[in-house]
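Notes follow once the structure below has been shown.
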Amino acid sequence: MQMSNLLGKTLREPPSEADSGSLALLLRAGYISQLMAGAYTFMPLGNRVRLNIENVVRKHMNLSGAQEILMPALQPIEIWEQSGRAAKMKDVLFRLSDRRGRSLALGPTHEEVVTQLAGKFISSHRDLPLTTYQIQTKFRDEARPRGGLVRVREFTMKDAYSFDLDEDGLSDSYDKMFQAYKNIFSECGVPVVPVDADSGAIGGKGSQEFIFITEMGEDTVVQCSGCEYAANLEKATFLQESSAEAQKSLEEVETPNVATIEDLSEFLSIANSSTAKAVLFMATKFESDEEFPVLAVIRGDFEVNDVKLSNALGGAEVRPMEASEAANVGLVPGYISPVNLASEVTVVADRSVISAPNLAGGANREGWHYLNTNYGRDWEADIVTDLAEAQEGLTCEQCDGGILSLARGIEMGHVFRLGQIYAEAFGVSIQDSDGAAVTPTMGCYGIGIGRIFAAAAEVFHDDNGLNWPIAIAPYQVHLVAIGIDKDDAVRDEAYGLYAELIESGIDVLFDDRALRPGVMFNDADLMGMPIRVTVSPRNHENEIIEITGRADGESLTAPRAEGVDSIKAEIHKLRQG
RNA sequence: CGGGGCGUAGCUCAGUCUGGCAGAGCGCUGCUUUUGGGAAGCAGAGGCCCUCGGUUCGAAUCCGAGCGCCCCGACCA
C-alpha cells in the first residue's frame, strides 16, 4: 500500500470524542472513525487489524474442530418469543418491521437461530459432538455506548455453539474451547484472566469470562493472591469465619436514634459483624410486570450484591426500595428486621447470618432493636443463599489463606455451559444409541473482535503512538523513503525494494509521499508497524538500508543487496516472540 | 433513564457573559526556498455558527423547545 493513496489522514490532535490514550491514538492514526454513538467505521488500516484478529480466531476455532457458518443478523421476532428472551433482553433487542408489518429483530446473539438450525439437521447421537461458529455482526441497543470500541451497538463477534449428548460431552467441548481461547488471546498479545462469572440473562449453569485487566474496564473482578481463584464480583465468594458461641436468649432493647449499623454497633459496643443488616428492595420478575417487596438479610459488615440477589430470585430485576414504599409495607427504616415480621415480603438471607449466632438487629419498631437473634429459632427466610459482595482484603475461600483483591477489567470473551434450556425451548431431540429420545446439551462461546482490537491498542502503545504485535499489525513493514522527489536513484531504490518485499509475501506500507523526514517518522511511530525500513540519499550513498524496531526503537543497517533477507529475518524474530 | 459538559472551517478551539464585519492554530490548494524527527515565506480555497421557533432595527451571542456527541451513574446477552 502506498501512503500517497491511503484513506485516512493522521491527525496531530486527538478528536474531542477520544477519552482514553489508545482510543485517541486509533483515531489520530486513522484506524477508525466514528459514525454515531456506538458505531465505528474501520478505515483501511483498522480493517486490516480487524481481519488479522478474525483470522487468528478462525485459525484456532478450526484447529479445535469447530465448523464455520454464517447465520442471518435479520431474525424473526417469534424465535425470541419462543426462547423467552424477547422479554428478558427488553430494550437491548433492536426491533424493526418489514414492509408487510412482520416484526423482526437484529440479532444480538444467535442461540435461538443455531438451536433451531441444529433441530433441523441433527437427529442422532452419531451427529454429535458438533461445534459451529461464526464471525458476524451483532446489534445491541445499549443504554450507553462508551469507551470507543469497548461498548458499541454494532460490533463483530465470534460466537460458537457446541452440541453434545450429555454433560461429559459438554465438558469436553467446553474444555477444547477454553484452550482455544487461551491460545487466541496469547497470540494477539492480550493478557486475560479467566474468571468465574454470572451467567446473566442468557441462562445456563456456569460460565467463565476472559477479562483484560485495565483501569478503563467496566467490570470488577476479584483475584486471590494465594491461588488461581478469580471471579467476577457478581459471583465471587470469600471465607466467612464462623463463631462457636452458644445461643443466648432474645432480648429487646431501647435504642433511640440508632438507625444505621454503625450507630448500632457503637451504641452496643459490639463489632459490625455481630449485627444483622436488613435491606429492602423491590423486585420484578421478567415474566410479569408486577413488583414485589424483598427483604435481604446479611451480616452487618457485608454488603448485598444485587446481581446475586437477582439470581436468588430467579433472575428478577431488582432496585432499592424507596422510604415511602417501606412505609407502605409497614416497615420502619433503620429498625427493620426479619424477626417478628408482620408484612408480606420475600425474605432472602445471606449465608453469613445463618451460622452466626446472637446477632443484633432491628425490632420492627422505631427506637428498638433485638439482641441475640438466631436464624432458625427467631426467624426463617424464604431463600437462603450467597448474597455478600466480596471486598478488598478478605480471605479466599478456595485456598484458605490467600487475600482477595479487586480490579477493573473488560470482558474479552465468555464461555457458557448452557445446558438444555434452548434445546428444550425449540424442541430439539435426538436418539441415543438405545433409540431413546434425548435433548442435547449445549455450550456457547463468544469473543468480541473489536474488544481484542481495543485491548491490543491499549497494551501496545507508547507516547508516540501504536506498536502492534506482528500477528495483528496491519502491515509488517513500514517503508519510509526520504527524498524520493529529489533523487531518482533513491526513488528507484525505494520502489525496487517495495516490489521485492511484496514479491516475498511481506505486507508493506510504503511512505512514498514527498514530505520532510520528521513527518514521515512521526507518522510511522503513530501508525505502529512493527518494523520500519528507511531508504534515503544518505543510506543510498552507503549502499545500505536501515531497519528499525518500533518496540525498542533500535536500528540496524543491512547492505542493500541483502535487504530483503535481513527484513525477513527481523520478521521471523518477532514471530518467535 | 437520572446528573453534568459540549455543539462555530476537515481537526482542535476562541468569540457567547456585555447582541452590531465570521476568527486563530493545524490541515487543504498553488508557487518559491528547505530536506534524517511534525520547516519557512507568499497567494488562496473552505461556514446551514446543530435544528426549529421566539425576542429585537439587528441574534453564533438573549429566551423556549428539540436533536446530537462526550463524561459519571443506572443498565450491560
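In the C-alpha cells, each chain is lettered A, B, ... as it comes, each chain's residues begin at 1, and ligands are numbered from 1 in order of appearance.
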
- [ ] Pick out the residues sitting within 9 Å of region 31-35 of chain B, and hand them over as number ranges by chain; count only C-alpha atoms (C1' of nucleotides), and ignore anything fewer than 2 positions along from it in its own chain.
- [x] A: 482-483, 515-517; B: 39-43

Could you dump the residues just selected with N, CA and C atoms (P, O5', C5', C4', C3', O3' and C1' of nucleotides) as a short mmCIF file (atom, residue, chain, number, x, y, z; two decimals), in the first residue's frame?
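Dumped everything to again.cif:
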```
data_model
loop_
_atom_site.label_atom_id
_atom_site.label_comp_id
_atom_site.auth_asym_id
_atom_site.auth_seq_id
_atom_site.Cartn_x
_atom_site.Cartn_y
_atom_site.Cartn_z
N ILE A 482 12.91 8.58 2.10
CA ILE A 482 13.21 10.00 2.25
C ILE A 482 13.82 10.55 0.97
N GLY A 483 13.30 11.69 0.53
CA GLY A 483 13.90 12.40 -0.58
C GLY A 483 13.70 11.78 -1.94
N LEU A 515 7.53 14.24 1.62
CA LEU A 515 7.42 15.04 2.84
C LEU A 515 8.77 15.10 3.54
N ARG A 516 8.80 15.96 4.53
CA ARG A 516 10.02 16.05 5.34
C ARG A 516 10.16 14.78 6.18
N PRO A 517 11.39 14.38 6.45
CA PRO A 517 11.61 13.12 7.18
C PRO A 517 10.89 13.07 8.52
P A B 39 8.05 20.14 10.40
"O5'" A B 39 8.54 21.41 11.21
"C5'" A B 39 8.12 22.68 10.88
"C4'" A B 39 9.30 23.49 10.35
"C3'" A B 39 8.86 24.79 9.73
"O3'" A B 39 8.64 25.77 10.71
"C1'" A B 39 10.43 23.71 8.32
P A B 40 7.36 26.66 10.60
"O5'" A B 40 7.84 27.69 9.48
"C5'" A B 40 8.88 28.58 9.77
"C4'" A B 40 9.31 29.33 8.56
"C3'" A B 40 8.22 30.07 7.79
"O3'" A B 40 7.80 31.26 8.43
"C1'" A B 40 9.65 28.98 6.28
P G B 41 6.35 31.83 8.13
"O5'" G B 41 6.53 32.50 6.71
"C5'" G B 41 7.47 33.54 6.51
"C4'" G B 41 7.60 33.87 5.06
"C3'" G B 41 6.28 34.19 4.35
"O3'" G B 41 5.86 35.52 4.59
"C1'" G B 41 7.52 32.68 3.03
P C B 42 4.29 35.84 4.64
"O5'" C B 42 3.89 35.80 3.09
"C5'" C B 42 4.49 36.71 2.18
"C4'" C B 42 4.12 36.34 0.77
"C3'" C B 42 2.63 36.16 0.51
"O3'" C B 42 1.94 37.39 0.37
"C1'" C B 42 3.82 34.38 -0.48
P A B 43 0.45 37.49 0.92
"O5'" A B 43 -0.34 36.67 -0.20
"C5'" A B 43 -0.26 37.08 -1.55
"C4'" A B 43 -0.89 36.04 -2.44
"C3'" A B 43 -2.31 35.63 -2.05
"O3'" A B 43 -3.28 36.58 -2.44
"C1'" A B 43 -1.03 33.71 -2.56
#
```

Task: Selection near Leu268 (chain A), 12 Å with only C-alpha atoms (C1' of nucleotides), sequence-local residues under 2 positions removed, as a PyMOL selection string - done: chain A and resi 253-256+258+261-266+270-272+274-275+359-361+369-372

Save the residues we just selected, C-alpha atoms, as an mmCIF file, in the first residue's frame?
```
data_model
loop_
_atom_site.group_PDB
_atom_site.id
_atom_site.type_symbol
_atom_site.label_atom_id
_atom_site.label_comp_id
_atom_site.auth_asym_id
_atom_site.auth_seq_id
_atom_site.Cartn_x
_atom_site.Cartn_y
_atom_site.Cartn_z
ATOM 1 C CA VAL A 253 -33.553 -3.108 73.968
ATOM 2 C CA GLU A 254 -34.405 0.559 73.538
ATOM 3 C CA THR A 255 -32.056 2.224 71.035
ATOM 4 C CA PRO A 256 -33.120 5.825 70.471
ATOM 5 C CA VAL A 258 -29.856 4.361 66.294
ATOM 6 C CA ILE A 261 -25.284 -0.472 61.508
ATOM 7 C CA GLU A 262 -22.521 1.934 62.548
ATOM 8 C CA ASP A 263 -24.800 3.560 65.150
ATOM 9 C CA LEU A 264 -25.938 0.198 66.430
ATOM 10 C CA SER A 265 -22.530 -1.372 66.885
ATOM 11 C CA GLU A 266 -21.248 1.791 68.545
ATOM 12 C CA ILE A 270 -20.053 -4.642 69.505
ATOM 13 C CA ALA A 271 -18.467 -5.324 66.112
ATOM 14 C CA ASN A 272 -20.400 -4.747 62.863
ATOM 15 C CA SER A 274 -22.223 -9.096 65.396
ATOM 16 C CA THR A 275 -25.168 -7.339 63.783
ATOM 17 C CA LEU A 359 -26.753 -11.028 66.088
ATOM 18 C CA ALA A 360 -28.171 -7.646 66.999
ATOM 19 C CA GLY A 361 -30.864 -6.424 64.638
ATOM 20 C CA HIS A 369 -33.532 -3.373 68.464
ATOM 21 C CA TYR A 370 -33.217 -7.044 69.355
ATOM 22 C CA LEU A 371 -30.173 -8.640 70.892
ATOM 23 C CA ASN A 372 -29.228 -12.241 70.198
#
```

Task: Interface, chain B side, toward chain A (10 Å; only C-alpha atoms (C1' of nucleotides)) as JSON, numbers by chain - done: {"B": [1, 6, 11, 12, 26, 27, 34, 35, 36, 37, 38, 39, 68, 69, 70, 71, 74, 75, 76, 77]}

Open item on the list: So that I can check the surroundings of Ile531 (chain A), please list as an MDAnalysis selection string every protein, DNA and RNA residue that reaches within 8 Å of it, counting only C-alpha atoms (C1' of nucleotides) and ignoring chain neighbours fewer than 3 positions away.
Closed with: chainID A and resid 476:478 547:550 570:571

Those residues with all heavy atoms, as a PDB file, in the first residue's frame please?
```
ATOM      1  N   GLN A 476       3.425  -5.525   8.128  1.00  0.00           N
ATOM      2  CA  GLN A 476       4.595  -5.927   8.906  1.00  0.00           C
ATOM      3  C   GLN A 476       5.688  -4.864   8.823  1.00  0.00           C
ATOM      4  O   GLN A 476       6.413  -4.624   9.778  1.00  0.00           O
ATOM      5  CB  GLN A 476       5.126  -7.276   8.389  1.00  0.00           C
ATOM      6  CG  GLN A 476       4.144  -8.406   8.625  1.00  0.00           C
ATOM      7  CD  GLN A 476       4.182  -9.459   7.532  1.00  0.00           C
ATOM      8  OE1 GLN A 476       5.153  -9.563   6.781  1.00  0.00           O
ATOM      9  NE2 GLN A 476       3.120 -10.238   7.431  1.00  0.00           N
ATOM     10  N   VAL A 477       5.784  -4.252   7.630  1.00  0.00           N
ATOM     11  CA  VAL A 477       6.889  -3.318   7.385  1.00  0.00           C
ATOM     12  C   VAL A 477       6.355  -1.958   6.957  1.00  0.00           C
ATOM     13  O   VAL A 477       5.422  -1.869   6.152  1.00  0.00           O
ATOM     14  CB  VAL A 477       7.817  -3.876   6.276  1.00  0.00           C
ATOM     15  CG1 VAL A 477       8.833  -2.828   5.828  1.00  0.00           C
ATOM     16  CG2 VAL A 477       8.520  -5.139   6.769  1.00  0.00           C
ATOM     17  N   HIS A 478       6.923  -0.920   7.536  1.00  0.00           N
ATOM     18  CA  HIS A 478       6.626   0.450   7.120  1.00  0.00           C
ATOM     19  C   HIS A 478       7.876   0.973   6.409  1.00  0.00           C
ATOM     20  O   HIS A 478       8.892   1.239   7.045  1.00  0.00           O
ATOM     21  CB  HIS A 478       6.303   1.298   8.355  1.00  0.00           C
ATOM     22  CG  HIS A 478       5.676   2.612   8.035  1.00  0.00           C
ATOM     23  ND1 HIS A 478       4.552   3.065   8.693  1.00  0.00           N
ATOM     24  CD2 HIS A 478       5.988   3.563   7.140  1.00  0.00           C
ATOM     25  CE1 HIS A 478       4.216   4.260   8.208  1.00  0.00           C
ATOM     26  NE2 HIS A 478       5.078   4.575   7.270  1.00  0.00           N
ATOM     27  N   ILE A 547      16.996  -0.686   9.305  1.00  0.00           N
ATOM     28  CA  ILE A 547      15.840  -1.452   9.808  1.00  0.00           C
ATOM     29  C   ILE A 547      15.659  -1.117  11.282  1.00  0.00           C
ATOM     30  O   ILE A 547      16.570  -1.310  12.089  1.00  0.00           O
ATOM     31  CB  ILE A 547      16.073  -2.967   9.635  1.00  0.00           C
ATOM     32  CG1 ILE A 547      16.352  -3.292   8.155  1.00  0.00           C
ATOM     33  CG2 ILE A 547      14.864  -3.750  10.153  1.00  0.00           C
ATOM     34  CD1 ILE A 547      16.796  -4.725   7.924  1.00  0.00           C
ATOM     35  N   THR A 548      14.489  -0.572  11.631  1.00  0.00           N
ATOM     36  CA  THR A 548      14.253  -0.101  12.993  1.00  0.00           C
ATOM     37  C   THR A 548      13.040  -0.807  13.597  1.00  0.00           C
ATOM     38  O   THR A 548      11.983  -0.886  12.973  1.00  0.00           O
ATOM     39  CB  THR A 548      13.976   1.419  12.986  1.00  0.00           C
ATOM     40  OG1 THR A 548      15.006   2.071  12.236  1.00  0.00           O
ATOM     41  CG2 THR A 548      13.939   1.970  14.402  1.00  0.00           C
ATOM     42  N   GLY A 549      13.229  -1.307  14.805  1.00  0.00           N
ATOM     43  CA  GLY A 549      12.107  -1.948  15.506  1.00  0.00           C
ATOM     44  C   GLY A 549      11.250  -0.899  16.191  1.00  0.00           C
ATOM     45  O   GLY A 549      11.766  -0.036  16.891  1.00  0.00           O
ATOM     46  N   ARG A 550       9.941  -0.976  16.019  1.00  0.00           N
ATOM     47  CA  ARG A 550       9.049   0.004  16.648  1.00  0.00           C
ATOM     48  C   ARG A 550       9.041  -0.158  18.171  1.00  0.00           C
ATOM     49  O   ARG A 550       8.965   0.820  18.909  1.00  0.00           O
ATOM     50  CB  ARG A 550       7.637  -0.156  16.093  1.00  0.00           C
ATOM     51  CG  ARG A 550       6.573   0.717  16.746  1.00  0.00           C
ATOM     52  CD  ARG A 550       6.840   2.193  16.524  1.00  0.00           C
ATOM     53  NE  ARG A 550       5.836   3.037  17.159  1.00  0.00           N
ATOM     54  CZ  ARG A 550       5.904   3.480  18.414  1.00  0.00           C
ATOM     55  NH1 ARG A 550       6.934   3.139  19.163  1.00  0.00           N
ATOM     56  NH2 ARG A 550       4.964   4.249  18.907  1.00  0.00           N
ATOM     57  N   GLU A 570      14.218 -10.234  10.558  1.00  0.00           N
ATOM     58  CA  GLU A 570      13.626  -9.460  11.661  1.00  0.00           C
ATOM     59  C   GLU A 570      12.170  -9.865  11.883  1.00  0.00           C
ATOM     60  O   GLU A 570      11.717  -9.972  13.019  1.00  0.00           O
ATOM     61  CB  GLU A 570      13.719  -7.957  11.358  1.00  0.00           C
ATOM     62  CG  GLU A 570      15.139  -7.397  11.415  1.00  0.00           C
ATOM     63  CD  GLU A 570      15.826  -7.672  12.748  1.00  0.00           C
ATOM     64  OE1 GLU A 570      15.239  -7.325  13.798  1.00  0.00           O
ATOM     65  OE2 GLU A 570      16.912  -8.270  12.754  1.00  0.00           O
ATOM     66  N   ILE A 571      11.448 -10.066  10.802  1.00  0.00           N
ATOM     67  CA  ILE A 571      10.049 -10.500  10.928  1.00  0.00           C
ATOM     68  C   ILE A 571      10.003 -11.847  11.629  1.00  0.00           C
ATOM     69  O   ILE A 571       9.172 -12.071  12.523  1.00  0.00           O
ATOM     70  CB  ILE A 571       9.389 -10.595   9.528  1.00  0.00           C
ATOM     71  CG1 ILE A 571       9.216  -9.196   8.941  1.00  0.00           C
ATOM     72  CG2 ILE A 571       8.035 -11.314   9.609  1.00  0.00           C
ATOM     73  CD1 ILE A 571       8.750  -9.187   7.496  1.00  0.00           C
TER      74      ILE A 571
END
```

Open item on the list: Taking only C-alpha atoms (C1' of nucleotides) into account, name the residue in B:A24, B:C67, B:C62, B:C72 that is nearest to G5 (chain B).
Closed with: B:C72

- [ ] Quick one: pull the distance between C1' of G44 (chain B) and CA of Asp512 (chain A), Å, one decimal.
- [x] 26.4 Å
